[in-house]
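Trainee: Before I ask anything, here is the structure I am working with.
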Amino acid sequence: MSRGYDWSMKRKSYGRDAGLTIRMLATTGLLGLLYVGFAVVLLVVLKVGLVPMLLIVIGIAVFQYWTSDKLALAASGAKIVSEQEAPELHAVVERLCTLSGLPKPRIAVIPSDVPNAFATGRDPNHAAVAVTQGLWSRLEPQEIEAVLAHELSHIANRDVLIMTLASFFAMLAALITRWGLYFGMFGGFGGGGNRSNNNGNNQVPIWLIVFVAAAVTYAVSFVLIRTLSRYREYAADRGSALMTGAPENLMSALQKIASGITQIPQKDLREVAGMNAFFIVPTNWRSHMGELFMDHPPMEKRLAALSQIAREMGRPVA
């Protein structure tokens, strides 16, 4: 199972993927520039209503951040289990936490036959890892370990915080987009209706300018946030490979989970579809939507990346 004796050596030897780190930083930078531009539009054009909207969105973001673990566990129907209730699961998580230097998160089990797992929590000290009964019954011990290592990597990388910050202005843009026509119709956004310049010519309504800026910001940030999400999955896959020292186990686990999902009735998949952004493998992983709009990398690309890591480690690749 774990290869604790060479964990520190492997971590120093292979470290983080520099190319992946650069891509994540570049994506975050583009999001930042987009949001700065959006904020400038709001400050220059929007004369009233900005502070209330900011307070609303900040309140939503803070609530989401501080209650992320409780919300995700409740949404999935997960139940926190004690060490007495799930001794083997606790033992694997505790061993991986010892290897990685992480505090042990709360552990939950989801009463679903859909094989999957997720992690949540605002920081390593307030985190939880959940696995479905379907995952526990279908995977081998070393594959379960690899999946749990992936989820612990999300916790170590503080992905909940990163994605909350990344989506902050996207939430504001979405809110303004939804309210844009309403405020425009009823004179919001600084008067809303057409104004006349000194020559008596009609100008573009303020509400329309803000509405278009918000819509563009939301559309572009939608793509960038999903790009960042895909990079976080690659990083967690790599973290699992380094933590366990056996990338092939995660490769096998991903393939079994994906295969298992295809055997689950659509009714059962729809019941957990709301957790797809959290799951290690989304239930719609076979979707034909463009990669640009996916929050997880295509399965073949994840497996290819893990194969490369295995070769770097001198591990066998099937």
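Ordering of the structure tokens sets the chain letters (A, B, ...); residue numbers start at 1 within each chain; ligands are numbered from 1 in the order shown.
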With a distance cut-off of 9 Å and only C-alpha atoms, select the neighbouring residues of Phe222 in chain A, excluding the residue or stretch itself and same-chain residues fewer than 4 positions from it, and output the selection as an MDAnalysis selection string.

Mentor: chainID A and resid 167 170 217:218 226:227 293

Trainee: Can you tell me, as a count of residues only, what residues are no more than 9 Å from Asp123 in chain A when counting only C-alpha atoms, ignoring any on the same chain fewer than 5 positions away?

Mentor: 7

Trainee: Quick one: which range 40-120 of chain A residues come within 10 Å of range 281-287 of chain A, and what is the nearest atom pair for each with the distance in Å to one decimal, counting only C-alpha atoms, rows ordered by chain and ascending number, as a Markdown table?

Mentor:
| residue | atom | partner | partner_atom | distance |
| --- | --- | --- | --- | --- |
| A:Val114 | CA | A:Thr283 | CA | 8.4 |
| A:Pro115 | CA | A:Val281 | CA | 8.9 |
| A:Asn116 | CA | A:Val281 | CA | 6.7 |
| A:Ala117 | CA | A:Val281 | CA | 8.1 |
| A:Phe118 | CA | A:Val281 | CA | 9.2 |

Trainee: Store the residues picked out above, limited to C-alpha atoms, as a compact mmCIF listing (two decimals), in the first residue's frame.

Mentor:
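Just written: part_38.txt:
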# COMPACT_ATOMS: atom_id res chain seq x y z
CA VAL A 114 -22.13 5.39 -7.62
CA PRO A 115 -18.35 4.91 -7.19
CA ASN A 116 -16.87 8.28 -6.30
CA ALA A 117 -15.21 10.48 -3.68
CA PHE A 118 -14.63 14.14 -2.88

Trainee: Kindly indicate which residue among A:Val131, A:Ile280, A:Val41, A:Ala246 lies nearest to Glu312 in chain A, using only C-alpha atoms for the distances.

Mentor: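 Once distances to Glu312 in chain A are computed over only C-alpha atoms, the minimum belongs to A:Ala246.
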
Trainee: For range 300-311 of chain A, work out the shell of residues within 12 Å, counting only C-alpha atoms and skipping chain neighbours fewer than 6 positions away, then give it as a ChimeraX atom specification.

Mentor: /A:10,13-17,20,146,230-242,244-255,258,280-281,285-286,291,317-318

Trainee: With N, CA and C atoms retained, write the just-selected residues as a compact mmCIF listing (two decimals), in the first residue's frame.

Mentor:
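Written file, again10.txt:
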# COMPACT_ATOMS: atom_id res chain seq x y z
N LYS A 10 11.06 11.07 -2.81
CA LYS A 10 10.34 11.24 -4.07
C LYS A 10 9.83 12.67 -4.19
N SER A 13 12.67 14.83 -5.10
CA SER A 13 13.21 14.49 -6.40
C SER A 13 12.32 14.96 -7.54
N TYR A 14 11.01 14.79 -7.39
CA TYR A 14 10.11 15.11 -8.48
C TYR A 14 9.41 16.46 -8.30
N GLY A 15 9.16 16.83 -7.05
CA GLY A 15 8.56 18.13 -6.77
C GLY A 15 7.26 18.38 -7.51
N ARG A 16 6.95 19.64 -7.70
CA ARG A 16 5.74 20.01 -8.42
C ARG A 16 6.03 20.14 -9.91
N ASP A 17 5.00 20.02 -10.70
CA ASP A 17 5.10 20.17 -12.14
C ASP A 17 5.20 21.66 -12.46
N LEU A 20 2.70 22.93 -15.09
CA LEU A 20 1.34 23.00 -14.56
C LEU A 20 1.19 24.22 -13.65
N ALA A 146 -5.07 5.47 -3.29
CA ALA A 146 -4.71 6.45 -4.30
C ALA A 146 -5.78 7.53 -4.44
N ARG A 230 -9.64 22.35 -13.99
CA ARG A 230 -8.97 21.20 -14.62
C ARG A 230 -7.52 21.11 -14.16
N TYR A 231 -6.86 22.25 -14.07
CA TYR A 231 -5.47 22.25 -13.60
C TYR A 231 -5.38 21.74 -12.17
N ARG A 232 -6.38 22.10 -11.33
CA ARG A 232 -6.36 21.63 -9.94
C ARG A 232 -6.50 20.11 -9.88
N GLU A 233 -7.25 19.54 -10.82
CA GLU A 233 -7.38 18.08 -10.86
C GLU A 233 -6.06 17.43 -11.26
N TYR A 234 -5.39 18.01 -12.23
CA TYR A 234 -4.07 17.48 -12.61
C TYR A 234 -3.12 17.55 -11.42
N ALA A 235 -3.16 18.66 -10.67
CA ALA A 235 -2.28 18.83 -9.52
C ALA A 235 -2.59 17.79 -8.44
N ALA A 236 -3.89 17.53 -8.21
CA ALA A 236 -4.27 16.54 -7.20
C ALA A 236 -3.88 15.12 -7.65
N ASP A 237 -4.00 14.84 -8.95
CA ASP A 237 -3.55 13.54 -9.46
C ASP A 237 -2.05 13.37 -9.21
N ARG A 238 -1.31 14.42 -9.49
CA ARG A 238 0.14 14.35 -9.27
C ARG A 238 0.45 14.20 -7.78
N GLY A 239 -0.31 14.92 -6.95
CA GLY A 239 -0.09 14.80 -5.52
C GLY A 239 -0.33 13.39 -5.02
N SER A 240 -1.36 12.73 -5.55
CA SER A 240 -1.64 11.35 -5.18
C SER A 240 -0.49 10.44 -5.59
N ALA A 241 0.01 10.65 -6.81
CA ALA A 241 1.11 9.81 -7.30
C ALA A 241 2.35 9.96 -6.43
N LEU A 242 2.64 11.18 -6.02
CA LEU A 242 3.82 11.41 -5.19
C LEU A 242 3.62 10.91 -3.76
N THR A 244 1.66 8.44 -2.67
CA THR A 244 1.64 6.98 -2.57
C THR A 244 2.87 6.33 -3.22
N GLY A 245 3.50 7.06 -4.13
CA GLY A 245 4.64 6.49 -4.85
C GLY A 245 4.23 5.48 -5.90
N ALA A 246 2.92 5.43 -6.23
CA ALA A 246 2.43 4.43 -7.19
C ALA A 246 1.35 5.04 -8.07
N PRO A 247 1.72 5.82 -9.09
CA PRO A 247 0.72 6.45 -9.96
C PRO A 247 -0.19 5.44 -10.64
N GLU A 248 0.31 4.22 -10.86
CA GLU A 248 -0.49 3.22 -11.55
C GLU A 248 -1.75 2.85 -10.76
N ASN A 249 -1.70 3.02 -9.44
CA ASN A 249 -2.88 2.70 -8.63
C ASN A 249 -4.00 3.72 -8.87
N LEU A 250 -3.64 4.99 -9.01
CA LEU A 250 -4.65 5.99 -9.30
C LEU A 250 -5.18 5.80 -10.73
N MET A 251 -4.31 5.44 -11.65
CA MET A 251 -4.75 5.16 -13.01
C MET A 251 -5.80 4.06 -13.02
N SER A 252 -5.52 3.00 -12.31
CA SER A 252 -6.46 1.88 -12.24
C SER A 252 -7.76 2.30 -11.57
N ALA A 253 -7.66 3.11 -10.52
CA ALA A 253 -8.84 3.56 -9.80
C ALA A 253 -9.72 4.43 -10.69
N LEU A 254 -9.11 5.36 -11.41
CA LEU A 254 -9.88 6.24 -12.30
C LEU A 254 -10.62 5.44 -13.36
N GLN A 255 -9.95 4.45 -13.91
CA GLN A 255 -10.58 3.63 -14.94
C GLN A 255 -11.75 2.81 -14.37
N ALA A 258 -14.69 5.25 -13.63
CA ALA A 258 -15.35 5.64 -14.88
C ALA A 258 -16.18 4.49 -15.44
N ILE A 280 -14.13 13.06 -7.86
CA ILE A 280 -12.87 12.78 -8.53
C ILE A 280 -13.09 12.45 -10.00
N VAL A 281 -14.23 11.83 -10.30
CA VAL A 281 -14.65 11.58 -11.69
C VAL A 281 -16.11 12.00 -11.80
N TRP A 285 -18.70 12.07 -17.25
CA TRP A 285 -17.34 12.12 -17.80
C TRP A 285 -17.29 11.77 -19.28
N ARG A 286 -18.30 11.10 -19.79
CA ARG A 286 -18.33 10.74 -21.21
C ARG A 286 -19.02 11.81 -22.06
N GLU A 291 -13.68 20.48 -24.27
CA GLU A 291 -12.85 20.51 -23.07
C GLU A 291 -12.85 21.88 -22.42
N VAL A 317 4.20 0.80 -16.27
CA VAL A 317 3.02 1.37 -16.89
C VAL A 317 2.43 0.35 -17.85
N ALA A 318 1.16 0.05 -17.65
CA ALA A 318 0.51 -0.98 -18.48
C ALA A 318 0.37 -0.49 -19.91

Trainee: Hey, could you make a per-residue contact list for range 260-296 of chain A against range 98-112 of chain A with 12 Å as the cut-off, showing the nearest pair of atoms and its distance in Å to one decimal, counting only C-alpha atoms, sorted by chain and number, as a Markdown table?

Mentor:
| residue | atom | partner | partner_atom | distance |
| --- | --- | --- | --- | --- |
| A:Ile261 | CA | A:Ser112 | CA | 11.5 |
| A:Ile264 | CA | A:Ser112 | CA | 10.3 |
| A:Pro265 | CA | A:Ser112 | CA | 11.8 |
| A:Lys267 | CA | A:Ser112 | CA | 11.9 |
| A:Asp268 | CA | A:Ser112 | CA | 8.1 |
| A:Leu269 | CA | A:Ser112 | CA | 9.5 |
| A:Arg270 | CA | A:Ser112 | CA | 11.7 |
| A:Glu271 | CA | A:Ser112 | CA | 9.3 |
| A:Val272 | CA | A:Ser112 | CA | 8.5 |
| A:Ala273 | CA | A:Ser112 | CA | 12.0 |
| A:Met275 | CA | A:Ile110 | CA | 11.6 |
| A:Phe279 | CA | A:Ile110 | CA | 11.9 |

Trainee: When distances are computed from only C-alpha atoms, which of A:Cys97, A:Phe278, A:Leu33, A:Val147 shows the smallest separation from Asp69 in chain A?

Mentor: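 Using only C-alpha atoms, the shortest distance to Asp69 in chain A belongs to A:Phe278.
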